[in-house]
file data36.txt (compact mmCIF, C-alpha atoms and all ligand atoms)
# COMPACT_ATOMS: atom_id res chain seq x y z
CA MET A 869 0.00 0.00 0.00
CA ALA A 870 1.31 3.43 -0.89
CA GLN A 871 2.37 5.30 2.24
CA ARG A 872 0.46 8.49 1.74
CA PRO A 873 -0.78 10.70 4.55
CA LEU A 874 -4.37 10.07 5.60
CA SER A 875 -6.75 12.77 6.66
CA PRO A 876 -7.68 14.20 9.06
CA HIS A 877 -4.37 15.47 10.40
CA LEU A 878 -5.63 16.55 13.76
CA SER A 879 -2.16 17.58 14.92
CA ILE A 880 -1.13 19.43 11.75
CA TRP A 881 -2.86 22.74 11.25
CA LYS A 882 -2.44 26.46 11.54
CA TRP A 883 -4.83 29.31 12.06
CA GLY A 884 -6.52 30.72 9.00
CA PRO A 885 -9.87 32.31 8.23
CA ALA A 886 -11.50 29.06 7.10
CA MET A 887 -10.35 27.30 10.22
CA LEU A 888 -11.87 30.01 12.39
CA VAL A 889 -15.19 29.80 10.53
CA SER A 890 -15.24 26.03 10.92
CA ILE A 891 -14.56 26.04 14.64
CA LEU A 892 -17.04 28.87 15.25
CA HIS A 893 -19.73 27.01 13.30
CA ARG A 894 -19.36 24.06 15.64
CA ALA A 895 -19.04 26.15 18.81
CA THR A 896 -22.06 28.34 18.01
CA GLY A 897 -24.21 25.37 16.92
CA ASP A 898 -23.38 23.51 20.11
CA ALA A 899 -23.94 26.60 22.25
CA MET A 900 -27.38 27.17 20.75
CA ALA A 901 -28.26 23.50 21.17
CA LEU A 902 -27.04 23.21 24.77
CA VAL A 903 -27.86 26.68 26.13
CA GLY A 904 -30.24 28.31 23.65
CA LEU A 905 -32.78 25.50 23.41
CA PRO A 906 -33.26 25.14 27.19
CA ILE A 907 -33.84 28.90 27.34
CA LEU A 908 -36.33 28.70 24.47
CA LEU A 909 -38.22 26.00 26.38
CA TRP A 910 -38.07 28.07 29.56
CA TRP A 911 -39.55 31.04 27.72
CA LEU A 912 -42.40 28.91 26.30
CA ALA A 913 -43.02 27.27 29.68
CA ALA A 914 -43.18 30.69 31.35
CA LEU A 915 -45.61 31.91 28.73
CA ALA A 916 -47.75 28.81 29.27
CA SER A 917 -47.67 29.15 33.07
CA GLY A 918 -49.01 32.68 33.44
CA PRO A 919 -47.99 36.27 34.23
CA GLU A 920 -45.99 35.53 37.43
CA ALA A 921 -43.84 32.85 35.78
CA TYR A 922 -43.35 35.13 32.78
CA ALA A 923 -42.37 38.06 35.00
CA PHE A 924 -39.76 35.87 36.72
CA PHE A 925 -38.28 34.91 33.35
CA ALA A 926 -38.43 38.49 32.03
CA ASN A 927 -36.69 39.85 35.14
CA LEU A 928 -33.81 37.44 34.67
CA ALA A 929 -33.66 38.16 30.94
CA ASN A 930 -33.50 41.90 31.69
CA SER A 931 -30.64 41.58 34.18
CA TRP A 932 -27.07 42.14 33.01
CA VAL A 933 -26.37 38.39 33.16
CA GLY A 934 -29.49 37.87 31.09
CA TYR A 935 -28.31 40.33 28.46
CA ILE A 936 -24.89 38.68 28.25
CA VAL A 937 -26.54 35.30 27.67
CA LEU A 938 -29.08 36.65 25.17
CA VAL A 939 -26.50 38.65 23.22
CA GLY A 940 -24.32 35.51 23.18
CA ILE A 941 -27.15 33.38 21.84
CA SER A 942 -28.11 35.93 19.22
CA TRP A 943 -24.48 36.21 18.08
CA SER A 944 -24.31 32.40 17.99
CA PHE A 945 -27.34 32.35 15.72
CA PHE A 946 -26.17 35.08 13.33
CA ASN A 947 -22.67 33.64 13.15
CA HIS A 948 -23.98 30.10 12.57
CA PHE A 949 -26.47 31.45 10.06
CA ALA A 950 -23.71 33.13 8.04
CA SER A 951 -21.39 30.13 8.13
CA GLY A 952 -24.37 27.86 7.38
CA ILE A 953 -24.97 29.80 4.15
CA ARG A 954 -21.26 29.42 3.43
CA HIS A 955 -21.70 25.66 3.91
CA PHE A 956 -24.47 25.66 1.28
CA VAL A 957 -22.25 27.51 -1.19
CA MET A 958 -19.35 25.11 -0.62
CA ASP A 959 -21.74 22.12 -0.82
CA ILE A 960 -22.43 22.95 -4.46
CA GLY A 961 -18.67 22.97 -5.05
CA ALA A 962 -18.04 26.71 -5.14
CA GLY A 963 -15.64 28.91 -3.21
CA TYR A 964 -12.61 26.64 -2.79
CA ALA A 965 -9.97 28.85 -4.46
CA VAL A 966 -7.70 29.99 -1.63
CA ASP A 967 -8.10 33.73 -2.19
CA SER A 968 -11.88 33.79 -2.44
CA ASN A 969 -12.19 31.21 0.33
CA ASN A 970 -10.20 33.42 2.69
CA ARG A 971 -12.13 36.50 1.66
CA TRP A 972 -15.55 34.88 2.19
CA SER A 973 -14.44 33.34 5.46
CA VAL A 974 -13.55 36.76 6.85
CA LEU A 975 -16.79 38.21 5.48
CA THR A 976 -18.80 35.41 7.09
CA THR A 977 -17.31 36.04 10.51
CA VAL A 978 -17.66 39.81 10.22
CA SER A 979 -21.29 39.58 9.09
CA GLY A 980 -22.08 37.50 12.19
CA PHE A 981 -21.04 40.44 14.35
CA VAL A 982 -22.68 43.04 12.12
CA LEU A 983 -26.04 41.24 12.10
CA THR A 984 -25.93 40.83 15.89
CA ALA A 985 -25.21 44.56 16.32
CA ALA A 986 -28.01 45.49 13.90
CA PHE A 987 -30.47 43.19 15.68
CA TRP A 988 -29.79 44.75 19.08
CA ALA A 989 -29.68 48.26 17.65
CA VAL A 990 -33.26 47.82 16.40
CA ILE A 991 -34.37 46.46 19.77
CA VAL A 992 -32.68 49.19 21.80
CA LEU A 993 -33.79 52.04 19.52
CA ARG A 994 -37.41 51.02 18.90
CA MET B 1282 -12.86 1.58 -8.01
CA GLY B 1283 -9.08 1.18 -7.81
CA ASN B 1284 -7.18 -1.22 -5.64
CA GLY B 1285 -4.14 0.79 -4.65
CA THR B 1286 -4.72 3.27 -1.87
CA PRO B 1287 -7.37 2.87 0.84
CA ILE B 1288 -9.38 5.72 -0.63
CA GLY B 1289 -9.12 4.14 -4.07
CA ARG B 1290 -10.53 0.87 -2.78
CA VAL B 1291 -13.62 2.43 -1.23
CA ARG B 1292 -14.34 5.20 -3.71
CA GLY B 1293 -17.75 4.79 -5.31
CA LEU B 1294 -19.09 2.34 -2.73
CA GLY B 1295 -21.31 4.90 -0.99
CA SER B 1296 -21.34 5.50 2.74
CA ALA B 1297 -20.81 2.63 5.18
CA HIS B 1298 -23.76 3.45 7.44
CA HIS B 1299 -26.09 6.43 7.36
CA GLY B 1300 -23.52 9.15 6.70
CA ALA B 1301 -25.05 10.46 3.50
CA GLU B 1302 -28.56 10.49 4.96
CA HIS B 1303 -27.32 12.25 8.09
CA TRP B 1304 -25.53 14.84 6.00
CA LEU B 1305 -28.61 15.47 3.84
CA GLN B 1306 -30.97 15.74 6.80
CA GLN B 1307 -28.62 18.25 8.39
CA ARG B 1308 -29.07 20.33 5.20
CA TYR B 1309 -32.85 19.86 4.99
CA THR B 1310 -33.29 20.93 8.59
CA ALA B 1311 -30.81 23.80 8.10
CA ALA B 1312 -32.99 25.12 5.27
CA GLY B 1313 -36.02 24.76 7.55
CA ASN B 1314 -34.21 26.60 10.35
CA LEU B 1315 -33.44 29.41 7.95
CA ILE B 1316 -37.18 29.98 7.47
CA VAL B 1317 -38.55 29.42 10.95
CA VAL B 1318 -35.78 31.03 13.01
CA GLY B 1319 -35.75 33.89 10.50
CA TYR B 1320 -39.47 34.27 11.16
CA LEU B 1321 -38.87 34.39 14.92
CA VAL B 1322 -36.08 36.96 14.52
CA PHE B 1323 -38.24 39.26 12.39
CA SER B 1324 -41.20 38.80 14.72
CA ILE B 1325 -39.08 39.86 17.70
CA LEU B 1326 -37.91 42.91 15.74
CA LEU B 1327 -41.46 43.86 14.69
CA LEU B 1328 -43.12 43.41 18.09
CA PRO B 1329 -43.20 46.62 20.16
CA ASP B 1330 -41.83 44.76 23.21
CA MET B 1331 -41.56 41.23 24.64
CA SER B 1332 -44.01 41.67 27.52
CA TYR B 1333 -46.48 38.94 28.54
CA ALA B 1334 -49.44 40.76 27.03
CA THR B 1335 -47.69 41.53 23.74
CA VAL B 1336 -46.33 38.03 23.23
CA ARG B 1337 -49.69 36.43 24.14
CA GLU B 1338 -51.47 38.66 21.67
CA TRP B 1339 -48.93 37.64 19.05
CA MET B 1340 -49.45 33.95 19.89
CA ALA B 1341 -53.21 34.40 19.46
CA GLY B 1342 -52.64 34.84 15.73
CA LEU B 1343 -53.12 32.01 13.28
CA VAL B 1344 -49.57 31.83 11.93
CA PRO B 1345 -47.17 32.43 14.87
CA PRO B 1346 -47.94 29.28 16.92
CA VAL B 1347 -47.65 27.15 13.77
CA MET B 1348 -44.27 28.70 12.94
CA ILE B 1349 -43.04 28.13 16.50
CA ALA B 1350 -44.23 24.49 16.36
CA LEU B 1351 -42.31 24.05 13.11
CA LEU B 1352 -39.33 25.79 14.70
CA ILE B 1353 -39.33 23.32 17.57
CA VAL B 1354 -39.45 20.32 15.23
CA SER B 1355 -36.85 21.60 12.76
CA VAL B 1356 -34.40 23.03 15.29
CA PHE B 1357 -34.50 20.10 17.72
CA TRP B 1358 -34.00 17.68 14.86
CA HIS B 1359 -31.11 19.76 13.49
CA ALA B 1360 -29.56 20.08 16.96
CA ARG B 1361 -29.88 16.33 17.56
CA LEU B 1362 -28.01 15.63 14.32
CA GLY B 1363 -25.40 18.26 15.15
CA LEU B 1364 -24.75 17.06 18.68
CA GLN B 1365 -24.50 13.48 17.40
CA VAL B 1366 -21.50 14.57 15.32
CA LEU B 1367 -19.99 16.21 18.40
CA VAL B 1368 -20.34 13.00 20.42
CA GLU B 1369 -18.97 10.83 17.62
CA ASP B 1370 -15.94 13.09 17.25
CA TYR B 1371 -14.97 13.41 20.91
CA VAL B 1372 -16.36 10.43 22.85
CA HIS B 1373 -14.13 7.52 21.90
CA HIS B 1374 -15.04 4.87 24.46
CA ARG B 1375 -17.72 2.70 22.82
CA GLY B 1376 -19.88 2.30 25.90
CA ALA B 1377 -19.72 5.97 26.81
CA ARG B 1378 -20.50 6.92 23.24
CA PHE B 1379 -23.55 4.66 23.19
CA GLY B 1380 -24.72 6.15 26.48
CA ALA B 1381 -24.19 9.69 25.24
CA LEU B 1382 -26.11 9.08 22.01
CA LEU B 1383 -28.92 7.39 23.95
CA THR B 1384 -29.14 10.36 26.31
CA LEU B 1385 -29.03 12.77 23.37
CA ASN B 1386 -31.98 11.05 21.71
CA LEU B 1387 -34.05 11.04 24.88
CA ALA B 1388 -33.22 14.69 25.59
CA ALA B 1389 -33.99 15.85 22.03
CA PHE B 1390 -37.35 14.10 21.87
CA SER B 1391 -38.30 15.14 25.41
CA GLY B 1392 -37.33 18.74 24.76
CA ALA B 1393 -39.30 18.91 21.53
CA ALA B 1394 -42.38 17.28 23.09
CA PHE B 1395 -42.19 19.66 26.06
CA GLY B 1396 -41.96 22.67 23.77
CA LEU B 1397 -44.90 21.54 21.63
CA PHE B 1398 -47.08 20.92 24.69
CA CYS B 1399 -46.19 24.32 26.17
CA LEU B 1400 -47.28 25.81 22.88
CA ALA B 1401 -50.54 23.86 22.94
CA ARG B 1402 -51.18 25.08 26.47
CA ILE B 1403 -50.43 28.69 25.54
CA VAL B 1404 -52.96 28.55 22.70
CA MET B 1405 -55.55 26.78 24.85
CA ASN B 1406 -55.15 29.34 27.62
CA ILE B 1407 -55.70 32.14 25.13
CA GLU B 1408 -58.79 30.44 23.67
CA THR B 1409 -60.23 29.66 27.10
CA GLU B 1410 -59.73 33.20 28.29
CA ALA B 1411 -61.36 34.61 25.15
CA ALA B 1412 -64.32 32.24 25.54
CA LEU B 1413 -64.67 33.18 29.22
CA GLN B 1414 -64.57 36.86 28.43
CA SER B 1415 -67.22 36.65 25.72
CA ALA B 1416 -69.43 34.49 28.00
CA MET B 1417 -69.10 37.05 30.77
CA ALA B 1418 -69.84 39.91 28.37
CA ALA B 1419 -72.92 38.07 27.14
CA ALA B 1420 -74.09 37.46 30.70
CA ALA B 1421 -73.57 41.10 31.60
CA ALA B 1422 -75.45 42.22 28.52
CA ALA B 1423 -78.31 39.84 29.28
CA SER B 1424 -78.63 41.04 32.87
CA ALA B 1425 -78.43 44.67 31.76
CA ALA B 1426 -81.17 44.01 29.23
CA SER B 1427 -83.43 42.27 31.77
CA GLN B 1428 -82.99 45.09 34.30
CA GLY B 1429 -83.07 48.07 31.97
CA GLY B 1430 -85.89 46.75 29.81
CA GLY B 1431 -87.97 45.71 32.86
CA MET B 1432 -91.45 46.46 31.65
C1 LIG C 1 -30.19 29.69 9.82
C2 LIG C 1 -30.28 28.57 10.40
C3 LIG C 1 -29.22 27.48 10.33
C4 LIG C 1 -28.45 27.07 9.29
C5 LIG C 1 -28.45 27.61 7.85
C6 LIG C 1 -27.61 25.99 9.77
C7 LIG C 1 -26.70 25.28 9.01
C8 LIG C 1 -25.96 24.23 9.45
C9 LIG C 1 -25.18 23.35 8.61
C10 LIG C 1 -25.06 23.46 7.11
C11 LIG C 1 -24.59 22.44 9.42
C12 LIG C 1 -23.70 21.29 8.99
C13 LIG C 1 -22.25 21.61 9.16
C14 LIG C 1 -21.37 20.48 8.69
O1 LIG C 1 -21.83 19.60 7.96
O2 LIG C 1 -20.19 20.48 9.05
C15 LIG C 1 -24.96 22.76 10.77
C16 LIG C 1 -24.50 22.10 11.89
C17 LIG C 1 -24.98 22.31 13.17
N1 LIG C 1 -26.00 23.16 13.53
FE1 LIG C 1 -26.93 24.47 12.33
N2 LIG C 1 -27.87 25.80 11.10
C18 LIG C 1 -28.86 26.68 11.48
C19 LIG C 1 -29.42 26.82 12.73
C20 LIG C 1 -29.05 26.09 13.84
C21 LIG C 1 -29.64 26.22 15.15
C22 LIG C 1 -30.79 27.17 15.51
C23 LIG C 1 -28.98 25.34 15.97
C24 LIG C 1 -29.13 25.04 17.43
C25 LIG C 1 -30.17 24.95 18.11
C26 LIG C 1 -27.98 24.67 15.18
C27 LIG C 1 -27.09 23.71 15.66
C28 LIG C 1 -26.17 23.05 14.90
C29 LIG C 1 -25.23 22.09 15.43
C30 LIG C 1 -25.08 21.67 16.88
C31 LIG C 1 -24.46 21.65 14.34
C32 LIG C 1 -23.31 20.67 14.35
C33 LIG C 1 -22.03 21.43 14.24
C34 LIG C 1 -20.85 20.54 14.03
O3 LIG C 1 -20.29 20.13 15.03
O4 LIG C 1 -20.52 20.24 12.87
N3 LIG C 1 -28.05 25.14 13.88
N4 LIG C 1 -25.80 23.85 10.76

call {"tool": "encode", "arguments": {"input": "data36.txt", "output": "structure tokens"}}
result
Amino acid sequence: MAQRPLSPHLSIWKWGPAMLVSILHRATGDAMALVGLPILLWWLAALASGPEAYAFFANLANSWVGYIVLVGISWSFFNHFASGIRHFVMDIGAGYAVDSNNRWSVLTTVSGFVLTAAFWAVIVLR
Amino acid sequence: MGNGTPIGRVRGLGSAHHGAEHWLQQRYTAAGNLIVVGYLVFSILLLPDMSYATVREWMAGLVPPVMIALLIVSVFWHARLGLQVLVEDYVHHRGARFGALLTLNLAAFSGAAFGLFCLARIVMNIETEAALQSAMAAAAAASAASQGGGM
């Protein structure tokens, strides 16, 4: 058998835009699944349980810890959303040339932050 | 199919287990998430606030509870598939991996069922309250009519 290297080379890598997008896609997906979904269920349960339960949830959500968590979840979504679209593009076989791949990777990560900022700007300013 | 390198020997055989199906379902549910989570995001932006009264009024509409039900199904399914990959990548002990995947399945189905039933209860509460209010209004009107029109 030809002795060629097999992938994946978990110990051979260096930082690059694509690598950052990949790791953030996993981290944000897992964060939404493990933290975001329980909070979604909590919100629905509070809504189903009546005004007192909802007030308890809303008070926590409006505390500074609550805002850190909610901003984190919203960033997770917008980041994962942007890199998810990037997945779709790469699934059809586009965007693998190094230059454009790097460019779109940076744009993906930046747009995650921009969308999060825009989302909260609308909420704060309305 | 070649017979030289390992990749050459397996190329063209398809996936060993359910890899291709898993991959496709991750995409199908991702497309679903795009629609339903996008709907939730825009709804949050368009609502004047997130108070109990406002959100209940929103949930009284025909479309929002359906979209949230779809969101629960699509997102929990997508998250189950995604966390499965996480477990398979990092939990190497076979017994522990089996246990983790078992737990993941139970948690995903329980979470989705809980969310759907909360939603059902929210809608039923709204309907019950509306029915109560119209019954009370009708009773008040009837008693007002019997008193005022007392001939
Ligand atoms: C706009 C909506 C979304 C899109 C377009 C999207 C897209 C994707 C895609 C394409 C993958 C597959 C990545 C791969 O094959 O390597 C993925 C993985 C994943 N997604 Fe999403 N997703 C969305 C929303 C969500 C939400 C709301 C959650 C959590 C509740 C979530 C959790 C995950 C998880 C945990 C993974 C596995 C990540 C990994 O380790 O590879 N996604 N997503």

call {"tool": "residues_around", "arguments": {"input": "data36.txt", "residues": "B:Ser1332", "least_positions_apart": "6", "cutoff": "10 Å", "atoms": "only C-alpha atoms", "output": "PyMOL selection string"}}
result
(chain A and resi 915+919+922-923+926) or (chain B and resi 1338)

call {"tool": "interface_residues", "arguments": {"input": "data36.txt", "of": "chain B", "to": "chain A", "cutoff": "10 Å", "atoms": "all atoms listed in the file", "output": "count of residues only"}}
result
54

call {"tool": "closest_residue", "arguments": {"input": "data36.txt", "among": "B:Leu1383, B:Leu1305, B:Ser1324, B:Arg1292", "to": "ligand LIG 1 (chain C)", "atoms": "all atoms listed in the file"}}
result
B:Leu1305

call {"tool": "residues_near_point", "arguments": {"input": "data36.txt", "point": "(-59.2, 39.3, 21.2)", "cutoff": "10 Å", "atoms": "only C-alpha atoms", "output": "PDB file with C-alpha atoms, in the coordinates of the input"}}
result
ATOM      1  CA  GLU B1338     -51.470  38.660  21.670  1.00  0.00           C
ATOM      2  CA  ALA B1341     -53.210  34.400  19.460  1.00  0.00           C
ATOM      3  CA  GLY B1342     -52.640  34.840  15.730  1.00  0.00           C
ATOM      4  CA  ILE B1407     -55.700  32.140  25.130  1.00  0.00           C
ATOM      5  CA  GLU B1408     -58.790  30.440  23.670  1.00  0.00           C
ATOM      6  CA  GLU B1410     -59.730  33.200  28.290  1.00  0.00           C
ATOM      7  CA  ALA B1411     -61.360  34.610  25.150  1.00  0.00           C
ATOM      8  CA  ALA B1412     -64.320  32.240  25.540  1.00  0.00           C
ATOM      9  CA  GLN B1414     -64.570  36.860  28.430  1.00  0.00           C
ATOM     10  CA  SER B1415     -67.220  36.650  25.720  1.00  0.00           C
TER      11      SER B1415
END

call {"tool": "atom_distance", "arguments": {"input": "data36.txt", "atom1": "atom CA of B:Gln1306", "atom2": "atom CA of B:Asp1370"}}
result
18.5 Å

call {"tool": "axis_aligned_box", "arguments": {"input": "data36.txt", "around": "stretch 911-921 of chain A", "padding_each_side": "3 Å", "output": "lines of an AutoDock Vina configuration file"}}
result
center_x = -44.3
center_y = 31.8
center_z = 31.9
size_x = 15.5
size_y = 15.0
size_z = 17.1

call {"tool": "decode", "arguments": {"input": "data36.txt", "residues": "stretch 887-993 of chain A", "atoms": "C-alpha atoms", "output": "compact mmCIF listing (two decimals), in the first residue's frame"}}
result
# COMPACT_ATOMS: atom_id res chain seq x y z
CA MET A 887 -10.35 27.30 10.22
CA LEU A 888 -11.87 30.01 12.39
CA VAL A 889 -15.19 29.80 10.53
CA SER A 890 -15.24 26.03 10.92
CA ILE A 891 -14.56 26.04 14.64
CA LEU A 892 -17.04 28.87 15.25
CA HIS A 893 -19.73 27.01 13.30
CA ARG A 894 -19.36 24.06 15.64
CA ALA A 895 -19.04 26.15 18.81
CA THR A 896 -22.06 28.34 18.01
CA GLY A 897 -24.21 25.37 16.92
CA ASP A 898 -23.38 23.51 20.11
CA ALA A 899 -23.94 26.60 22.25
CA MET A 900 -27.38 27.17 20.75
CA ALA A 901 -28.26 23.50 21.17
CA LEU A 902 -27.04 23.21 24.77
CA VAL A 903 -27.86 26.68 26.13
CA GLY A 904 -30.24 28.31 23.65
CA LEU A 905 -32.78 25.50 23.41
CA PRO A 906 -33.26 25.14 27.19
CA ILE A 907 -33.84 28.90 27.34
CA LEU A 908 -36.33 28.70 24.47
CA LEU A 909 -38.22 26.00 26.38
CA TRP A 910 -38.07 28.07 29.56
CA TRP A 911 -39.55 31.04 27.72
CA LEU A 912 -42.40 28.91 26.30
CA ALA A 913 -43.02 27.27 29.68
CA ALA A 914 -43.18 30.69 31.35
CA LEU A 915 -45.61 31.91 28.73
CA ALA A 916 -47.75 28.81 29.27
CA SER A 917 -47.67 29.15 33.07
CA GLY A 918 -49.01 32.68 33.44
CA PRO A 919 -47.99 36.27 34.23
CA GLU A 920 -45.99 35.53 37.43
CA ALA A 921 -43.84 32.85 35.78
CA TYR A 922 -43.35 35.13 32.78
CA ALA A 923 -42.37 38.06 35.00
CA PHE A 924 -39.76 35.87 36.72
CA PHE A 925 -38.28 34.91 33.35
CA ALA A 926 -38.43 38.49 32.03
CA ASN A 927 -36.69 39.85 35.14
CA LEU A 928 -33.81 37.44 34.67
CA ALA A 929 -33.66 38.16 30.94
CA ASN A 930 -33.50 41.90 31.69
CA SER A 931 -30.64 41.58 34.18
CA TRP A 932 -27.07 42.14 33.01
CA VAL A 933 -26.37 38.39 33.16
CA GLY A 934 -29.49 37.87 31.09
CA TYR A 935 -28.31 40.33 28.46
CA ILE A 936 -24.89 38.68 28.25
CA VAL A 937 -26.54 35.30 27.67
CA LEU A 938 -29.08 36.65 25.17
CA VAL A 939 -26.50 38.65 23.22
CA GLY A 940 -24.32 35.51 23.18
CA ILE A 941 -27.15 33.38 21.84
CA SER A 942 -28.11 35.93 19.22
CA TRP A 943 -24.48 36.21 18.08
CA SER A 944 -24.31 32.40 17.99
CA PHE A 945 -27.34 32.35 15.72
CA PHE A 946 -26.17 35.08 13.33
CA ASN A 947 -22.67 33.64 13.15
CA HIS A 948 -23.98 30.10 12.57
CA PHE A 949 -26.47 31.45 10.06
CA ALA A 950 -23.71 33.13 8.04
CA SER A 951 -21.39 30.13 8.13
CA GLY A 952 -24.37 27.86 7.38
CA ILE A 953 -24.97 29.80 4.15
CA ARG A 954 -21.26 29.42 3.43
CA HIS A 955 -21.70 25.66 3.91
CA PHE A 956 -24.47 25.66 1.28
CA VAL A 957 -22.25 27.51 -1.19
CA MET A 958 -19.35 25.11 -0.62
CA ASP A 959 -21.74 22.12 -0.82
CA ILE A 960 -22.43 22.95 -4.46
CA GLY A 961 -18.67 22.97 -5.05
CA ALA A 962 -18.04 26.71 -5.14
CA GLY A 963 -15.64 28.91 -3.21
CA TYR A 964 -12.61 26.64 -2.79
CA ALA A 965 -9.97 28.85 -4.46
CA VAL A 966 -7.70 29.99 -1.63
CA ASP A 967 -8.10 33.73 -2.19
CA SER A 968 -11.88 33.79 -2.44
CA ASN A 969 -12.19 31.21 0.33
CA ASN A 970 -10.20 33.42 2.69
CA ARG A 971 -12.13 36.50 1.66
CA TRP A 972 -15.55 34.88 2.19
CA SER A 973 -14.44 33.34 5.46
CA VAL A 974 -13.55 36.76 6.85
CA LEU A 975 -16.79 38.21 5.48
CA THR A 976 -18.80 35.41 7.09
CA THR A 977 -17.31 36.04 10.51
CA VAL A 978 -17.66 39.81 10.22
CA SER A 979 -21.29 39.58 9.09
CA GLY A 980 -22.08 37.50 12.19
CA PHE A 981 -21.04 40.44 14.35
CA VAL A 982 -22.68 43.04 12.12
CA LEU A 983 -26.04 41.24 12.10
CA THR A 984 -25.93 40.83 15.89
CA ALA A 985 -25.21 44.56 16.32
CA ALA A 986 -28.01 45.49 13.90
CA PHE A 987 -30.47 43.19 15.68
CA TRP A 988 -29.79 44.75 19.08
CA ALA A 989 -29.68 48.26 17.65
CA VAL A 990 -33.26 47.82 16.40
CA ILE A 991 -34.37 46.46 19.77
CA VAL A 992 -32.68 49.19 21.80
CA LEU A 993 -33.79 52.04 19.52
